[in-house]
Amino acid sequence: MKIIVLDVESTGKEKAVDQIIELCLQFGIEAGAESRTWRIKPTIPIHPEATSVHGIKMEDVANCPGFAEVSAEFRPLLEGADVLVGYNVIFDIDMIQAEFTRINLPPLNLAGKHIVDALRFWHHVEPRTLAAAHEKFCGEPFTDAHQAAADVAATARVLTAMLEKFGLAGKEWSEIALVSDPFASRTSWLGPSFHVQWNESNDVVFMFGKNKGTKVEHADVGFLRWILRNDFPPHVKKICMVVLERPNEFKAWIATYYPRPALPPAAKGAPL
């Protein structure tokens with residue numbers, strides 16, 4: 001079977017707006033297997049957080065071809081594969097499909113292909129349940145799972161053991177939360193839900209649907225009215241109503257009712 005291992009690097013993590021700047025395909029999983037890499041020039045800036053991960057800057061791809069120019073080289077390779085392999089491969093495939101849509105080409109035909117995600121496979125063979133974590137990090141079985149008092153005690157033991165094992169026992173809780181808080185982005189939320197947020201440029205943007213990333217004050221009137229007619233949180237409807245009825249007062253109103261909170265000190269430091 002034809003096996004391709006793939007990975008993409010991108011301008012950021014949002015498939016609706018971000019673009020691929022590097023694509024690598026390896027033809028097989030054996031050591032020394034042949035591979036090919038394409039560098040691609042995006043039409044939007046590379047987010048600084050993305051550069052901090054992959055190290056690619058705009059000047060590195062300034063003279064590279066665009067996605068539309070090189071896609072014909074690798075599309076047949078991907079479509080000719082029987083097995084596609086990646087690490088959290090859904091991200092890579094979603095980014096590739098979004099790029100084809102962006103240049104008005106049909107998405108890759110994945111019918112009949114075997115998709116293998118090494119991350120999901122790892123989770124399958126080494127479960128991440130509390131009982132499994134307890135045995136791995138505390139060295140003994142956890143027999144009282146799903147009893148609340150036992151679960152919280154086990155969670156505390158597991159976290160303590162993890163901090164010791166990874167040499168993080170002396171770290172501040174703010175540093176630990178920086179990499180483990182599932183709601184870390186909530187500091188950018190306007191109100192109690194994710195629907196409207198501050199972006200990196202201090203603009204108020206929608207964070208859902210086809211208008212994800214769009215400034216609220218630039219959104220289509222029909223979209224704003226659709227929100228008002230449907231089941232969205234009251235604060236989201238209020239924001240839309242102010243944009244529709246008092247567009248010239250919107251920025252002052254937001255600054256009064258939803259001022260952007262200052263980032264906590266830990267958020268400015270390096271991750272663990």
# chains A, B, ... in the order shown; residues from 1 in each chain; ligands from 1
>>> residues_around(residues="stretch 183-200 of chain A", least_positions_apart="3", cutoff="12 Å", atoms="only C-alpha atoms", output="PyMOL selection string")
chain A and resi 47-49+174-180+203-209+211-217+227+232-240+254-264+266-267
>>> select_by_dssp(residues="stretch 31-95 of chain A", states="helix (DSSP H, G or I)", output="PyMOL selection string")
chain A and resi 48-54+58-61+67-79+89-95
>>> write_last_selection(atoms="N, CA and C atoms", output="mmCIF file, in the first residue's frame")
data_model
loop_
_atom_site.group_PDB
_atom_site.id
_atom_site.type_symbol
_atom_site.label_atom_id
_atom_site.label_comp_id
_atom_site.auth_asym_id
_atom_site.auth_seq_id
_atom_site.Cartn_x
_atom_site.Cartn_y
_atom_site.Cartn_z
ATOM 1 N N PRO A 48 2.930 35.724 15.145
ATOM 2 C CA PRO A 48 4.156 35.571 15.943
ATOM 3 C C PRO A 48 4.191 34.288 16.765
ATOM 4 N N GLU A 49 3.026 33.863 17.295
ATOM 5 C CA GLU A 49 2.996 32.617 18.069
ATOM 6 C C GLU A 49 3.317 31.418 17.190
ATOM 7 N N ALA A 50 2.888 31.473 15.927
ATOM 8 C CA ALA A 50 3.207 30.380 15.007
ATOM 9 C C ALA A 50 4.696 30.352 14.705
ATOM 10 N N THR A 51 5.279 31.521 14.491
ATOM 11 C CA THR A 51 6.725 31.591 14.243
ATOM 12 C C THR A 51 7.515 31.061 15.424
ATOM 13 N N SER A 52 7.023 31.324 16.642
ATOM 14 C CA SER A 52 7.731 30.836 17.823
ATOM 15 C C SER A 52 7.736 29.314 17.898
ATOM 16 N N VAL A 53 6.790 28.663 17.207
ATOM 17 C CA VAL A 53 6.716 27.198 17.196
ATOM 18 C C VAL A 53 7.570 26.614 16.078
ATOM 19 N N HIS A 54 7.365 27.100 14.833
ATOM 20 C CA HIS A 54 8.067 26.473 13.700
ATOM 21 C C HIS A 54 9.269 27.270 13.200
ATOM 22 N N MET A 58 8.106 35.632 7.672
ATOM 23 C CA MET A 58 7.624 36.049 6.360
ATOM 24 C C MET A 58 8.759 36.156 5.352
ATOM 25 N N GLU A 59 9.924 36.648 5.797
ATOM 26 C CA GLU A 59 11.033 36.787 4.858
ATOM 27 C C GLU A 59 11.544 35.434 4.354
ATOM 28 N N ASP A 60 11.283 34.392 5.122
ATOM 29 C CA ASP A 60 11.724 33.054 4.715
ATOM 30 C C ASP A 60 10.914 32.516 3.536
ATOM 31 N N VAL A 61 9.708 33.010 3.366
ATOM 32 C CA VAL A 61 8.838 32.500 2.293
ATOM 33 C C VAL A 61 8.460 33.587 1.287
ATOM 34 N N PHE A 67 0.205 28.788 -2.874
ATOM 35 C CA PHE A 67 -0.381 27.448 -2.796
ATOM 36 C C PHE A 67 -0.909 27.002 -4.150
ATOM 37 N N ALA A 68 -1.590 27.894 -4.866
ATOM 38 C CA ALA A 68 -2.185 27.523 -6.155
ATOM 39 C C ALA A 68 -1.121 27.091 -7.161
ATOM 40 N N GLU A 69 0.089 27.673 -7.049
ATOM 41 C CA GLU A 69 1.154 27.361 -8.002
ATOM 42 C C GLU A 69 1.745 25.975 -7.802
ATOM 43 N N VAL A 70 1.769 25.499 -6.554
ATOM 44 C CA VAL A 70 2.443 24.222 -6.278
ATOM 45 C C VAL A 70 1.488 23.080 -5.976
ATOM 46 N N SER A 71 0.221 23.384 -5.807
ATOM 47 C CA SER A 71 -0.716 22.339 -5.386
ATOM 48 C C SER A 71 -0.803 21.192 -6.388
ATOM 49 N N ALA A 72 -0.618 21.508 -7.667
ATOM 50 C CA ALA A 72 -0.702 20.457 -8.684
ATOM 51 C C ALA A 72 0.441 19.446 -8.557
ATOM 52 N N GLU A 73 1.513 19.825 -7.855
ATOM 53 C CA GLU A 73 2.642 18.916 -7.669
ATOM 54 C C GLU A 73 2.357 17.856 -6.608
ATOM 55 N N PHE A 74 1.690 18.274 -5.513
ATOM 56 C CA PHE A 74 1.507 17.313 -4.423
ATOM 57 C C PHE A 74 0.096 16.725 -4.343
ATOM 58 N N ARG A 75 -0.868 17.356 -4.982
ATOM 59 C CA ARG A 75 -2.228 16.809 -4.915
ATOM 60 C C ARG A 75 -2.302 15.376 -5.444
ATOM 61 N N PRO A 76 -1.720 15.065 -6.623
ATOM 62 C CA PRO A 76 -1.779 13.681 -7.108
ATOM 63 C C PRO A 76 -1.103 12.694 -6.165
ATOM 64 N N LEU A 77 -0.077 13.140 -5.458
ATOM 65 C CA LEU A 77 0.614 12.257 -4.517
ATOM 66 C C LEU A 77 -0.310 11.900 -3.354
ATOM 67 N N LEU A 78 -1.008 12.904 -2.817
ATOM 68 C CA LEU A 78 -1.928 12.666 -1.707
ATOM 69 C C LEU A 78 -3.114 11.817 -2.156
ATOM 70 N N GLU A 79 -3.646 12.115 -3.321
ATOM 71 C CA GLU A 79 -4.813 11.375 -3.783
ATOM 72 C C GLU A 79 -4.449 9.961 -4.214
ATOM 73 N N VAL A 89 -3.364 14.498 12.797
ATOM 74 C CA VAL A 89 -3.435 14.668 11.345
ATOM 75 C C VAL A 89 -4.690 15.393 10.879
ATOM 76 N N ILE A 90 -5.728 15.448 11.706
ATOM 77 C CA ILE A 90 -6.938 16.151 11.307
ATOM 78 C C ILE A 90 -6.638 17.616 11.039
ATOM 79 N N PHE A 91 -5.710 18.198 11.809
ATOM 80 C CA PHE A 91 -5.328 19.599 11.588
ATOM 81 C C PHE A 91 -4.699 19.761 10.208
ATOM 82 N N ASP A 92 -3.751 18.880 9.876
ATOM 83 C CA ASP A 92 -3.051 18.973 8.597
ATOM 84 C C ASP A 92 -4.022 18.814 7.425
ATOM 85 N N ILE A 93 -4.890 17.817 7.516
ATOM 86 C CA ILE A 93 -5.842 17.571 6.430
ATOM 87 C C ILE A 93 -6.836 18.720 6.306
ATOM 88 N N ASP A 94 -7.330 19.225 7.441
ATOM 89 C CA ASP A 94 -8.273 20.344 7.395
ATOM 90 C C ASP A 94 -7.637 21.576 6.757
ATOM 91 N N MET A 95 -6.371 21.843 7.067
ATOM 92 C CA MET A 95 -5.693 22.997 6.484
ATOM 93 C C MET A 95 -5.545 22.828 4.972
#
>>> closest_residue(among="A:Leu23, A:Leu84, A:Leu119, A:Ala154", to="A:Ile4", atoms="only C-alpha atoms")
A:Leu84
>>> residues_around(residues="A:Lys136", least_positions_apart="4", cutoff="10 Å", atoms="only C-alpha atoms", output="PyMOL selection string")
chain A and resi 126+128+130-132+140-141+158+161-162
>>> select_by_dssp(residues="stretch 27-243 of chain A", states="strand (DSSP E or B)", output="list in words")
Phe27, Ser35, Arg36, Thr37, Trp38, Arg39, Val83, Leu84, Val85, Gly86, His114, Ile115, Val116, Asp117, Trp189, Val196, Gln197, Trp198, Val204, Val205, Phe206 and Lys215 of chain A
>>> atom_distance(atom1="atom CA of A:Asp117", atom2="atom CA of A:Glu34")
20.2 Å
>>> closest_residue(among="A:Ile56, A:Pro65, A:Asn248, A:Leu25", to="A:Lys41", atoms="only C-alpha atoms")
A:Pro65
>>> closest_residue(among="A:Thr160, A:Trp173, A:Phe100, A:Ala149", to="A:Ala133", atoms="only C-alpha atoms")
A:Thr160
>>> atom_distance(atom1="atom CA of A:Ser35", atom2="atom CA of A:Asn63")
21.9 Å
>>> residues_around(residues="stretch 220-224 of chain A", least_positions_apart="4", cutoff="8 Å", atoms="only C-alpha atoms", output="ChimeraX atom specification")
/A:228,240-241,244
>>> decode(residues="stretch 50-76 of chain A", atoms="C-alpha atoms", output="JSON list (two decimals), in the first residue's frame")
[["chain", "number", "residue", "atom", "x", "y", "z"],
["A", 50, "ALA", "CA", 3.21, 30.38, 15.01],
["A", 51, "THR", "CA", 6.72, 31.59, 14.24],
["A", 52, "SER", "CA", 7.73, 30.84, 17.82],
["A", 53, "VAL", "CA", 6.72, 27.20, 17.20],
["A", 54, "HIS", "CA", 8.07, 26.47, 13.70],
["A", 55, "GLY", "CA", 10.60, 29.28, 13.30],
["A", 56, "ILE", "CA", 9.39, 30.37, 9.85],
["A", 57, "LYS", "CA", 9.20, 34.13, 9.23],
["A", 58, "MET", "CA", 7.62, 36.05, 6.36],
["A", 59, "GLU", "CA", 11.03, 36.79, 4.86],
["A", 60, "ASP", "CA", 11.72, 33.05, 4.71],
["A", 61, "VAL", "CA", 8.84, 32.50, 2.29],
["A", 62, "ALA", "CA", 8.73, 35.89, 0.57],
["A", 63, "ASN", "CA", 10.10, 34.48, -2.68],
["A", 64, "CYS", "CA", 8.26, 31.15, -2.58],
["A", 65, "PRO", "CA", 5.35, 30.25, -4.87],
["A", 66, "GLY", "CA", 1.76, 30.47, -3.66],
["A", 67, "PHE", "CA", -0.38, 27.45, -2.80],
["A", 68, "ALA", "CA", -2.18, 27.52, -6.16],
["A", 69, "GLU", "CA", 1.15, 27.36, -8.00],
["A", 70, "VAL", "CA", 2.44, 24.22, -6.28],
["A", 71, "SER", "CA", -0.72, 22.34, -5.39],
["A", 72, "ALA", "CA", -0.70, 20.46, -8.68],
["A", 73, "GLU", "CA", 2.64, 18.92, -7.67],
["A", 74, "PHE", "CA", 1.51, 17.31, -4.42],
["A", 75, "ARG", "CA", -2.23, 16.81, -4.91],
["A", 76, "PRO", "CA", -1.78, 13.68, -7.11]]
